[in-house]
file entry-v4.cif (mmCIF, C-alpha atoms)
data_query
loop_
_atom_site.label_atom_id
_atom_site.label_comp_id
_atom_site.auth_asym_id
_atom_site.auth_seq_id
_atom_site.Cartn_x
_atom_site.Cartn_y
_atom_site.Cartn_z
CA MET C 18 87.54 105.96 153.23
CA THR C 19 83.78 105.68 153.51
CA PRO C 20 81.34 107.46 151.20
CA LYS C 21 80.55 109.79 154.07
CA GLU C 22 84.23 110.65 154.49
CA TYR C 23 84.51 111.14 150.76
CA ASN C 24 81.69 113.68 150.87
CA GLN C 25 83.45 115.43 153.74
CA CYS C 26 86.51 115.65 151.52
CA VAL C 27 84.36 117.34 148.90
CA ASP C 28 83.31 119.94 151.43
CA LEU C 29 86.82 120.44 152.76
CA TYR C 30 88.99 120.36 149.68
CA ALA C 31 86.95 121.14 146.56
CA ASP C 32 87.40 124.90 146.95
CA ARG C 33 91.08 124.58 147.73
CA VAL C 34 91.86 122.31 144.80
CA TYR C 35 89.83 124.56 142.53
CA ARG C 36 91.74 127.69 143.65
CA PHE C 37 95.05 125.96 143.14
CA ILE C 38 94.14 124.81 139.64
CA LEU C 39 92.45 128.05 138.62
CA LYS C 40 95.46 130.06 139.75
CA ASN C 41 97.63 127.98 137.48
CA ILE C 42 95.57 127.66 134.32
CA LYS C 43 93.28 130.71 134.61
CA ASP C 44 90.42 128.94 132.83
CA PRO C 45 87.38 128.37 135.08
CA ASN C 46 85.73 125.78 132.87
CA ASP C 47 88.82 123.65 132.49
CA ALA C 48 89.58 124.11 136.18
CA ASN C 49 86.10 122.75 136.92
CA ASP C 50 86.76 119.75 134.72
CA ILE C 51 90.09 119.04 136.35
CA VAL C 52 88.61 119.23 139.84
CA GLN C 53 85.71 117.01 138.86
CA ASN C 54 88.05 114.47 137.34
CA ALA C 55 90.24 114.46 140.46
CA PHE C 56 87.26 113.74 142.69
CA GLU C 57 85.96 111.06 140.36
CA ILE C 58 89.30 109.31 140.55
CA LEU C 59 89.29 109.67 144.32
CA TRP C 60 85.81 108.14 144.42
CA LYS C 61 86.91 105.18 142.35
CA LYS C 62 89.76 104.62 144.79
CA HIS C 63 87.98 105.74 147.92
CA LYS C 64 88.13 102.28 149.51
CA GLU C 65 91.89 102.20 149.10
CA VAL C 66 92.71 105.79 150.03
CA ASN C 67 93.06 106.66 153.69
CA VAL C 68 91.09 109.71 154.68
CA GLU C 69 94.23 111.31 156.13
CA LYS C 70 95.88 111.08 152.72
CA ALA C 71 92.85 112.24 150.77
CA ARG C 72 93.93 115.87 150.47
CA GLN C 73 97.35 115.00 149.13
CA TYR C 74 95.80 112.41 146.82
CA LEU C 75 93.44 115.05 145.45
CA PHE C 76 96.15 117.63 144.91
CA THR C 77 98.43 115.07 143.31
CA THR C 78 95.72 113.89 140.93
CA ALA C 79 94.64 117.41 140.11
CA TYR C 80 98.23 118.51 139.59
CA HIS C 81 98.92 115.75 137.05
CA ASN C 82 95.65 116.47 135.27
CA MET C 83 96.67 120.09 135.15
CA ILE C 84 100.08 119.24 133.70
CA ASP C 85 98.36 117.29 130.95
CA TRP C 86 96.07 120.22 130.29
CA ILE C 87 98.99 122.66 130.20
CA ARG C 88 100.87 120.51 127.72
CA LYS C 89 97.85 120.42 125.46
CA HIS C 90 97.42 124.19 125.67
CA LYS C 91 101.09 125.08 125.71
CA ARG C 92 101.05 127.15 122.59
CA ILE C 93 97.97 129.06 123.65
CA GLU C 94 99.40 129.65 127.08
CA ASN C 95 102.66 130.96 125.71
CA HIS C 96 100.74 133.38 123.57
CA ALA C 97 98.76 134.50 126.59
CA GLU C 98 101.92 134.95 128.62
CA ILE C 99 103.31 137.29 126.03
CA GLU C 100 100.15 139.33 126.15
CA GLU C 101 100.16 139.36 129.93
CA SER C 102 103.81 140.32 129.96
CA ALA C 103 103.06 143.30 127.82
CA ALA C 104 100.06 144.14 129.94
CA VAL C 105 102.09 144.20 133.12
CA VAL C 106 103.89 147.34 132.11
CA GLU C 107 100.70 149.03 130.98
CA THR C 108 98.62 148.07 133.96
CA GLU C 109 97.92 150.70 136.51
CA TYR C 110 98.53 148.82 139.69
CA THR C 111 96.31 149.66 142.58
CA GLY C 112 97.64 147.27 145.13
CA LEU C 113 100.33 144.84 146.07
CA LYS C 114 97.95 141.91 145.68
CA GLU C 115 97.37 142.60 142.02
CA ILE C 116 101.06 143.14 141.40
CA LEU C 117 101.82 139.86 143.03
CA ALA C 118 99.12 138.09 141.06
CA LYS C 119 100.55 139.34 137.81
CA ALA C 120 104.06 138.43 138.86
CA LEU C 121 102.89 134.95 139.75
CA GLU C 122 101.56 134.45 136.25
CA LEU C 123 104.96 135.25 134.87
CA LEU C 124 106.61 132.46 136.78
CA PRO C 125 107.52 129.22 135.07
CA GLU C 126 104.85 126.61 135.55
CA VAL C 127 106.72 124.42 138.00
CA GLN C 128 107.84 127.38 140.15
CA ARG C 129 104.30 128.71 140.29
CA THR C 130 103.01 125.31 141.29
CA VAL C 131 105.42 124.77 144.15
CA VAL C 132 104.90 128.28 145.47
CA LEU C 133 101.13 127.90 145.40
CA LEU C 134 101.27 124.54 147.12
CA ARG C 135 103.53 126.05 149.71
CA ASP C 136 101.56 129.24 150.28
CA TYR C 137 97.98 128.10 149.71
CA GLU C 138 98.14 124.72 151.38
CA GLY C 139 101.19 125.03 153.64
CA TYR C 140 102.67 121.81 152.32
CA SER C 141 106.19 120.93 153.40
CA TYR C 142 108.91 120.57 150.81
CA LYS C 143 108.65 116.82 151.14
CA GLU C 144 104.90 116.83 150.53
CA ILE C 145 105.32 119.14 147.56
CA ALA C 146 107.96 116.79 146.24
CA ASN C 147 105.53 113.89 146.51
CA ILE C 148 102.76 115.76 144.75
CA THR C 149 104.90 117.08 141.91
CA SER C 150 107.14 114.01 141.52
CA LEU C 151 110.19 116.16 142.28
CA ASN C 152 112.77 115.72 145.02
CA GLU C 153 113.06 118.00 148.01
CA SER C 154 116.19 119.74 146.75
CA GLN C 155 114.46 120.59 143.48
CA VAL C 156 111.49 121.93 145.39
CA LYS C 157 113.74 124.09 147.52
CA VAL C 158 115.56 125.43 144.48
CA TYR C 159 112.31 126.22 142.66
CA ILE C 160 110.91 128.01 145.66
CA TYR C 161 114.11 129.99 146.04
CA ARG C 162 114.02 131.08 142.40
CA ALA C 163 110.33 131.90 142.54
CA ARG C 164 110.68 134.00 145.70
CA THR C 165 113.61 135.85 144.28
CA PHE C 166 111.77 136.55 141.02
CA LEU C 167 108.65 137.74 142.84
CA LYS C 168 110.66 139.89 145.20
CA ASN C 169 112.53 141.52 142.33
CA HIS C 170 109.31 142.04 140.37
CA ILE C 171 107.57 143.66 143.31
CA GLY C 172 110.61 145.75 144.03
CA ASN C 173 110.91 146.93 140.45
CA ILE C 174 107.24 147.88 140.21
CA ALA C 175 107.45 149.69 143.53
CA TYR C 176 110.50 151.50 142.25
CA VAL C 177 108.66 152.50 139.05
CA LEU C 178 105.67 153.70 141.00
CA MET A 10 128.19 129.53 157.82
CA LYS A 11 128.30 133.26 158.18
CA ILE A 12 125.59 135.45 156.67
CA THR A 13 127.03 137.87 154.12
CA ARG A 14 125.73 140.20 151.38
CA GLU A 15 126.48 137.45 148.89
CA ASN A 16 124.39 134.70 150.52
CA TYR A 17 121.80 136.58 152.59
CA GLU A 18 118.88 135.80 150.18
CA ALA A 19 118.93 132.11 151.07
CA TYR A 20 118.72 132.99 154.75
CA PHE A 21 115.94 135.50 154.10
CA ILE A 22 113.93 132.92 152.19
CA ASP A 23 114.46 130.27 154.84
CA PHE A 24 113.34 132.82 157.41
CA ILE A 25 110.07 133.71 155.67
CA GLU A 26 109.46 130.05 154.89
CA GLY A 27 109.86 129.17 158.55
CA ASN A 28 112.72 126.85 157.84
CA LEU A 29 115.57 128.86 159.34
CA SER A 30 117.23 127.11 162.22
CA GLU A 31 117.08 128.86 165.56
CA LYS A 32 120.84 129.09 165.67
CA TYR A 33 120.67 131.49 162.72
CA LEU A 34 118.06 133.81 164.16
CA VAL A 35 120.52 135.88 166.18
CA PRO A 36 123.13 136.07 163.38
CA LEU A 37 120.37 137.16 160.97
CA GLU A 38 119.24 139.91 163.27
CA ALA A 39 122.86 141.01 163.65
CA PHE A 40 123.27 141.03 159.86
CA LEU A 41 120.21 143.25 159.43
CA GLU A 42 121.48 145.63 162.06
CA ALA A 43 124.71 145.87 160.16
CA ASN A 44 122.95 146.20 156.75
CA PRO A 45 119.77 148.25 157.29
CA ASP A 46 119.28 148.71 153.51
CA LEU A 47 118.54 145.01 153.21
CA ARG A 48 115.70 145.11 155.73
CA GLU A 49 113.41 146.47 153.06
CA GLU A 50 114.40 143.57 150.83
CA LEU A 51 113.42 141.17 153.57
CA ASN A 52 110.03 142.86 153.65
CA LEU A 53 109.69 142.32 149.89
CA PHE A 54 110.45 138.63 150.37
CA GLU A 55 107.74 138.44 152.97
CA GLN A 56 105.29 139.99 150.52
CA THR A 57 105.88 137.24 148.00
CA ILE A 58 103.84 134.85 150.12
CA GLN A 59 100.57 134.19 148.33
CA ALA A 60 97.28 134.27 150.17
CA PRO A 61 94.36 132.24 148.81
CA ASP A 62 91.29 134.17 147.75
CA PRO A 63 88.39 132.89 149.89
CA HIS A 64 85.89 134.24 147.37
CA ILE A 65 86.97 131.69 144.80
CA ARG A 66 84.79 128.64 145.37
CA TYR A 67 83.99 125.50 143.50
CA ALA A 68 80.36 125.84 142.44
CA HIS A 69 79.50 122.19 141.78
CA LYS A 70 80.19 120.44 145.05
CA SER A 71 76.80 118.75 145.07
CA SER A 72 77.56 117.04 141.80
CA LEU A 73 80.73 115.59 143.28
CA LYS A 74 79.03 114.05 146.29
CA LYS A 75 77.97 110.43 146.34
CA PRO A 76 74.96 108.77 147.96
CA THR A 77 75.64 107.26 151.35
CA THR A 78 72.21 105.78 152.20
CA GLY A 79 71.36 102.19 151.51
CA PHE A 80 68.52 102.83 149.06
CA PHE A 81 70.58 104.93 146.70
CA ARG A 82 73.51 102.59 146.98
CA LEU A 83 71.10 99.78 146.11
CA ASN A 84 70.04 101.67 143.01
CA THR A 85 73.63 102.30 142.12
CA TYR A 86 74.99 98.79 142.37
CA VAL A 87 72.42 96.08 143.05
CA ILE A 88 69.79 96.87 140.42
CA PRO A 89 72.25 96.94 137.52
CA ALA A 90 73.68 93.67 138.82
CA PHE A 91 70.23 92.05 138.84
CA ALA A 92 69.52 93.37 135.35
CA ALA A 93 72.75 91.88 134.07
CA ALA A 94 71.97 88.53 135.70
CA ALA A 95 68.48 88.49 134.18
CA ALA A 96 69.90 89.20 130.74
CA ILE A 97 72.32 86.29 131.10
CA VAL A 98 69.52 83.91 132.16
CA VAL A 99 67.33 84.93 129.21
CA GLY A 100 70.27 84.45 126.88
CA ILE A 101 70.91 80.94 128.20
CA ILE A 102 67.25 80.00 127.77
CA LEU A 103 67.22 81.23 124.20
CA ILE A 104 70.41 79.36 123.39
CA ASN A 105 69.09 76.11 124.83
CA ASN A 106 65.86 76.35 122.85
CA PHE A 107 67.45 77.18 119.53
CA PRO A 108 68.80 74.40 117.28
CA PHE A 109 72.37 74.92 116.38
CA THR A 110 73.67 71.43 115.65
CA GLU A 111 73.48 70.03 112.16
CA ALA A 112 71.42 67.08 113.32
CA GLU A 113 68.85 69.39 114.91
CA GLN A 114 68.64 71.57 111.83
CA ASP A 115 68.34 68.52 109.56
CA HIS A 116 65.59 67.16 111.75
CA ILE A 117 63.65 70.41 111.56
CA SER A 118 64.14 70.80 107.81
CA TYR A 119 63.10 67.20 107.29
CA GLN A 120 59.94 67.74 109.30
CA ASN A 121 59.14 70.85 107.32
CA THR A 122 59.77 69.18 103.99
CA PRO A 123 56.62 67.76 102.39
CA VAL A 124 56.80 64.03 101.85
CA ILE A 125 56.99 63.18 98.20
CA THR A 126 54.84 60.23 97.40
CA PRO A 127 54.12 58.63 94.09
CA GLU A 128 50.72 60.32 94.18
CA THR A 129 52.12 63.79 94.64
CA ALA A 130 55.27 63.50 92.62
CA ASP A 131 55.20 64.04 88.91
CA ILE A 132 56.83 60.77 88.05
CA ASN A 133 56.13 57.89 85.85
CA PRO A 134 53.82 55.59 87.81
CA VAL A 135 55.06 52.54 86.00
CA GLU A 136 58.67 53.35 86.88
CA ALA A 137 57.74 53.79 90.50
CA ALA A 138 55.52 50.75 90.69
CA LEU A 139 57.82 48.31 89.00
CA PRO A 140 58.25 45.39 91.37
CA ASP A 141 61.59 44.61 89.89
CA THR A 142 64.07 46.32 92.25
CA ALA A 143 66.77 45.63 89.75
CA VAL A 144 65.50 48.66 87.88
CA SER A 145 65.10 51.05 90.79
CA GLU A 146 68.13 50.21 92.91
CA PRO A 147 70.77 50.78 90.22
CA VAL A 148 69.11 54.10 89.48
CA ALA A 149 69.47 55.14 93.11
CA GLU A 150 73.07 54.00 93.26
CA ILE A 151 74.04 55.59 90.00
CA ASN A 152 72.29 58.82 90.81
CA ALA A 153 73.92 58.91 94.22
CA GLU A 154 77.39 58.26 92.81
CA LYS A 155 77.09 60.31 89.70
CA PRO A 156 78.42 63.82 90.22
CA SER A 157 75.48 66.02 89.63
CA PRO A 158 75.09 69.79 90.01
CA VAL A 159 71.97 69.06 92.00
CA SER A 160 73.28 67.79 95.32
CA PRO A 161 70.26 67.92 97.68
CA PRO A 162 68.79 64.60 96.46
CA LYS A 163 72.07 62.85 97.25
CA VAL A 164 72.20 64.27 100.75
CA ARG A 165 68.56 63.68 101.45
CA ALA A 166 68.71 60.10 100.20
CA LYS A 167 71.46 59.37 102.72
CA LYS A 168 70.25 61.43 105.66
CA ALA A 169 66.58 60.62 105.65
CA PRO A 170 66.98 57.19 107.24
CA LYS A 171 68.93 58.77 110.14
CA THR A 172 65.97 60.67 111.44
CA GLU A 173 64.31 59.39 114.55
CA ASP A 174 60.78 59.34 113.23
CA PRO A 175 60.85 58.82 109.48
CA PRO A 176 57.54 58.91 107.71
CA VAL A 177 56.16 55.68 106.31
CA GLN A 178 57.06 55.39 102.67
CA PRO A 179 57.15 52.66 100.09
CA GLN A 180 60.03 50.25 100.05
CA ASN A 181 61.59 51.85 97.02
CA GLU A 182 61.37 55.30 98.55
CA PRO A 183 64.92 56.45 97.74
CA ALA A 184 64.43 55.80 94.05
CA VAL A 185 61.10 57.57 94.10
CA ASN A 186 62.52 60.56 95.87
CA LEU A 187 65.46 60.72 93.54
CA ILE A 188 63.28 60.53 90.51
CA ALA A 189 60.92 63.08 91.98
CA GLU A 190 63.80 65.43 92.58
CA LYS A 191 64.99 64.94 89.06
CA VAL A 192 61.55 65.75 87.79
CA GLU A 193 61.39 68.92 89.90
CA GLN A 194 64.84 69.98 88.75
CA PRO A 195 65.38 68.62 85.29
CA ASP A 196 68.86 67.84 84.16
CA PRO A 197 69.91 70.46 81.63
CA GLU A 198 71.84 67.80 79.71
CA VAL A 199 68.68 65.90 78.90
CA GLN A 200 67.41 66.84 75.51
CA PRO A 201 63.74 67.77 75.45
CA VAL A 202 61.69 65.11 73.85
CA PRO A 203 58.86 66.18 71.58
CA GLU A 204 55.55 65.24 72.99
CA THR A 205 53.88 62.43 71.30
CA GLN A 206 50.34 61.28 71.46
CA PRO A 207 50.56 57.58 71.99
CA GLU A 208 47.45 55.59 71.57
CA PRO A 209 45.66 54.63 74.77
CA ILE A 210 47.14 51.48 76.16
CA THR A 211 44.83 49.24 78.00
CA HIS A 212 47.27 46.51 78.86
CA LYS A 213 48.39 46.63 82.48
CA GLU A 214 51.84 45.24 81.82
CA GLU A 215 52.73 47.82 79.24
CA PRO A 216 55.66 49.79 80.55
CA ALA A 217 55.33 53.50 80.26
CA VAL A 218 58.92 54.54 80.54
CA ALA A 219 59.70 58.03 81.73
CA GLU A 220 60.84 59.15 78.34
CA GLU A 221 61.92 62.56 79.43
CA LYS A 222 64.41 60.97 81.84
CA LEU A 223 66.08 58.71 79.28
CA GLU A 224 68.72 59.26 76.71
CA PRO A 225 67.51 60.12 73.20
CA VAL A 226 68.56 56.80 71.85
CA VAL A 227 66.52 55.04 74.52
CA VAL A 228 63.55 57.23 73.77
CA THR A 229 63.84 56.41 70.12
CA VAL A 230 63.84 52.68 70.83
CA ILE A 231 60.87 53.02 73.13
CA MET A 232 58.96 54.99 70.57
CA ASP A 233 59.62 52.39 67.93
CA ALA A 234 58.66 49.56 70.21
CA ARG A 235 55.55 51.35 71.36
CA SER A 236 54.42 51.93 67.79
CA ASN A 237 55.00 48.26 66.98
CA PHE A 238 53.23 47.20 70.09
CA SER A 239 50.23 49.42 69.46
CA ASN A 240 49.97 48.27 65.88
CA ASP A 241 49.40 44.81 67.15
CA LYS A 242 45.68 45.06 67.73
CA ASP A 243 45.25 41.47 68.50
CA SER A 244 45.08 41.26 72.24
CA SER A 245 45.00 37.55 72.11
CA ASN A 246 48.33 37.36 70.41
CA PRO A 247 50.54 35.21 72.68
CA ARG A 248 53.62 37.00 71.37
CA LYS A 249 52.45 40.28 72.85
CA GLY A 250 53.78 39.38 76.31
CA LEU A 251 57.06 38.26 74.81
CA LYS A 252 57.32 41.52 72.94
CA LEU A 253 56.76 43.44 76.17
CA LYS A 254 59.43 41.50 78.04
CA GLY A 255 61.83 41.97 75.18
CA LEU A 256 61.10 45.65 75.17
CA ILE A 257 61.85 45.96 78.90
CA ALA A 258 65.09 44.01 78.53
CA GLN A 259 66.07 46.19 75.61
CA VAL A 260 65.40 49.34 77.60
CA LYS A 261 67.41 48.07 80.54
CA ASN A 262 70.38 47.27 78.36
CA LEU A 263 70.24 50.62 76.64
CA ARG A 264 70.00 52.49 79.92
CA SER A 265 72.91 50.62 81.42
CA ILE A 266 74.96 51.34 78.30
CA SER A 267 74.00 55.00 78.16
CA LEU A 268 74.70 55.55 81.87
#

call {"tool": "encode", "arguments": {"input": "entry-v4.cif", "output": "C-alpha cells"}}
result
Amino acid sequence: MTPKEYNQCVDLYADRVYRFILKNIKDPNDANDIVQNAFEILWKKHKEVNVEKARQYLFTTAYHNMIDWIRKHKRIENHAEIEESAAVVETEYTGLKEILAKALELLPEVQRTVVLLRDYEGYSYKEIANITSLNESQVKVYIYRARTFLKNHIGNIAYVL
Amino acid sequence: MKITRENYEAYFIDFIEGNLSEKYLVPLEAFLEANPDLREELNLFEQTIQAPDPHIRYAHKSSLKKPTTGFFRLNTYVIPAFAAAAAIVVGIILINNFPFTEAEQDHISYQNTPVITPETADINPVEAALPDTAVSEPVAEINAEKPSPVSPPKVRAKKAPKTEDPPVQPQNEPAVNLIAEKVEQPDPEVQPVPETQPEPITHKEEPAVAEEKLEPVVVTVIMDARSNFSNDKDSSNPRKGLKLKGLIAQVKNLRSISL
C-alpha cells in the first residue's frame, strides 16, 4: 500500500471504524484514540498490507484495541449497563431507532460486536470470524442470539406501548 | 428439514441475513401462510438490523493522513538519518582525539609535570652532587623496594624512562627525584630534628647531610662530627681530610644499618 492509498483509506474508513467503535464503547474521546491507534498501526505496516485488505486490517486492529479498552473499563461499563438497564424502562421511546439503540447496548459485548460488523459493514460470517478471532459457527450462534434478544426486546417494548 | 413452530426462528434469521437457501424460500412462504401470527415476528426480526448513523464522523482525519510528496518524505526520513550520521562522525572524531590508554595519559601527565631539578627541589645540594654513585643508587633502590605509603615516586621513577621524549636531567636523576619527592611529602615516621645553627663551613668537601632525612641516631653522629670538625680551626691540619672521609664512611655505615 502506498502512502497515497493509505490516505484514501483514511477517507474511506475512518468514519466507519469510528462509528463501529463508538457504538460499542460510547466514549467519543476513547473512540478517537482507538481509531487513531488503528491507523497508526496501519501506517507502520502500510508497505506490507494490501490495499484490498486494509479495511479488514483496520477493523481487526480497532476491534482488539477496543477489547483491551473494554477490559480496562469493565467495572465502569458494568455500572453503566445497570444504569442504562434501569433507564430503558423509564425512557419514553419516540421511535424504533432509539429502542433498538438501547437494546443494542444491553447485548453482551461479543454479540454487539458481531451484529454491528454484520449490519454496519456487511461482513460475511467468515470475515467477522477473522476480525474477532472466532470461528464461523460461533459467529452464527452469536448473531442468532443477538437477533433473538433484539427482536424480543423490540416486541416487548411495542407490547408495553 | 421442515420448518416448524419450534425451529422457525433460525429460518427467519437466515432469511433476514440473506443466508437462506433458495430451496427454503417456498417452504418459508408456505409456513407463514399457515402461521400468519408469526409474520409480525418476522417483521420484528427485520427491524433488528442496525443502520449506521451517517452523521457520526471522525473529526480528525487530517491528523491521520501522511505526506506523500518527496519534500515532506525527505523531512520525515532523510534529515533525521543525516543528523544521526553526523552525530556518529563527531563522536568518532572526539574518541580518536581523546587519550584513553594508560601510556597516553602517562605521557600527558609527564609533560604537564614540572621537572624537578636540583635547583628547584628543596634537597641537600651535597647529597645530590655527590659524585659517589654508591650513595645515591642504593637510596634509589631501597626507596623503590621499600613499601611506602607514598607510591607516586616509585611509579614515576620506573615510568619516566619509558617516555619518548624525556627531558635532559642529571645522571643521578632518579635519586634526585626520589629525594625531592620525599622532601615534598615528608615521611611521618621521621622524627623532626631541631634546627641547629651550624657554623659557616667554608670547606668544599664538607658533607652537609640531609639531616631531616636520616634516622635520629645518624643525625646525632653527624651533629657530633660536625661540632668536632668545626672546632678544628686549623685549616692546614692534614687530619681534617681524614676526619671528613671517616665521617662520610661512618654516615654510610649508619644509614645502611638503620635502613

call {"tool": "residues_around", "arguments": {"input": "entry-v4.cif", "residues": "segment 19-36 of chain C", "least_positions_apart": "6", "cutoff": "6 Å", "atoms": "only C-alpha atoms", "output": "PyMOL selection string"}}
result
chain A and resi 66-67+74+77

call {"tool": "interface_residues", "arguments": {"input": "entry-v4.cif", "of": "chain A", "to": "chain C", "cutoff": "8 Å", "atoms": "all atoms listed in the file", "output": "ChimeraX atom specification"}}
result
/A:18-19,22,50,53-54,56-62,65-67,70,73-77

call {"tool": "atom_distance", "arguments": {"input": "entry-v4.cif", "atom1": "atom CA of His63 of chain C", "atom2": "atom CA of Met18 of chain C"}}
result
5.3 Å

call {"tool": "residues_around", "arguments": {"input": "entry-v4.cif", "residues": "Ala146 of chain C", "least_positions_apart": "3", "cutoff": "12 Å", "atoms": "all atoms listed in the file", "output": "list of chain:residue names"}}
result
C:Gln73, C:Phe76, C:Thr77, C:Tyr80, C:Val127, C:Thr130, C:Val131, C:Val132, C:Leu134, C:Arg135, C:Tyr140, C:Ser141, C:Tyr142, C:Lys143, C:Thr149, C:Ser150, C:Leu151, C:Asn152, C:Glu153, C:Ser154, C:Gln155, C:Val156, C:Lys157, C:Val158, C:Tyr159, C:Ile160

call {"tool": "write_last_selection", "arguments": {"input": "entry-v4.cif", "atoms": "C-alpha atoms", "output": "tab-separated table (two decimals), in the frame of the given file"}}
result
chain	number	residue	atom	x	y	z
C	73	GLN	CA	97.35	115.00	149.13
C	76	PHE	CA	96.15	117.63	144.91
C	77	THR	CA	98.43	115.07	143.31
C	80	TYR	CA	98.23	118.51	139.59
C	127	VAL	CA	106.72	124.42	138.00
C	130	THR	CA	103.01	125.31	141.29
C	131	VAL	CA	105.42	124.77	144.15
C	132	VAL	CA	104.90	128.28	145.47
C	134	LEU	CA	101.27	124.54	147.12
C	135	ARG	CA	103.53	126.05	149.71
C	140	TYR	CA	102.67	121.81	152.32
C	141	SER	CA	106.19	120.93	153.40
C	142	TYR	CA	108.91	120.57	150.81
C	143	LYS	CA	108.65	116.82	151.14
C	149	THR	CA	104.90	117.08	141.91
C	150	SER	CA	107.14	114.01	141.52
C	151	LEU	CA	110.19	116.16	142.28
C	152	ASN	CA	112.77	115.72	145.02
C	153	GLU	CA	113.06	118.00	148.01
C	154	SER	CA	116.19	119.74	146.75
C	155	GLN	CA	114.46	120.59	143.48
C	156	VAL	CA	111.49	121.93	145.39
C	157	LYS	CA	113.74	124.09	147.52
C	158	VAL	CA	115.56	125.43	144.48
C	159	TYR	CA	112.31	126.22	142.66
C	160	ILE	CA	110.91	128.01	145.66

call {"tool": "closest_residue", "arguments": {"input": "entry-v4.cif", "among": "A:Leu47, A:Val98, A:Ala258, A:Ile104", "to": "Tyr17 of chain A", "atoms": "all atoms listed in the file"}}
result
A:Leu47

call {"tool": "atom_distance", "arguments": {"input": "entry-v4.cif", "atom1": "atom CA of Asn82 of chain C", "atom2": "atom CA of Ile51 of chain C"}}
result
6.2 Å

call {"tool": "atom_distance", "arguments": {"input": "entry-v4.cif", "atom1": "atom CA of Ala79 of chain C", "atom2": "atom CA of Ile58 of chain C"}}
result
9.7 Å

call {"tool": "residues_near_point", "arguments": {"input": "entry-v4.cif", "point": "(122.4, 137.9, 163.5)", "cutoff": "12 Å", "atoms": "all atoms listed in the file", "output": "VMD selection string"}}
result
chain A and resid 10 to 13 17 20 to 21 31 to 44

call {"tool": "resolve_selection", "arguments": {"input": "entry-v4.cif", "expression": "the PyMOL selection byres ((chain C and resi 87) around 12)", "output": "list of chain:residue names"}}
result
C:Ile38, C:Leu39, C:Asn41, C:Ile42, C:Lys43, C:Asp44, C:Asp47, C:Ala48, C:Ile51, C:Tyr80, C:His81, C:Asn82, C:Met83, C:Ile84, C:Asp85, C:Trp86, C:Arg88, C:Lys89, C:His90, C:Lys91, C:Arg92, C:Ile93, C:Glu94, C:Asn95, C:Pro125, C:Glu126, C:Val127
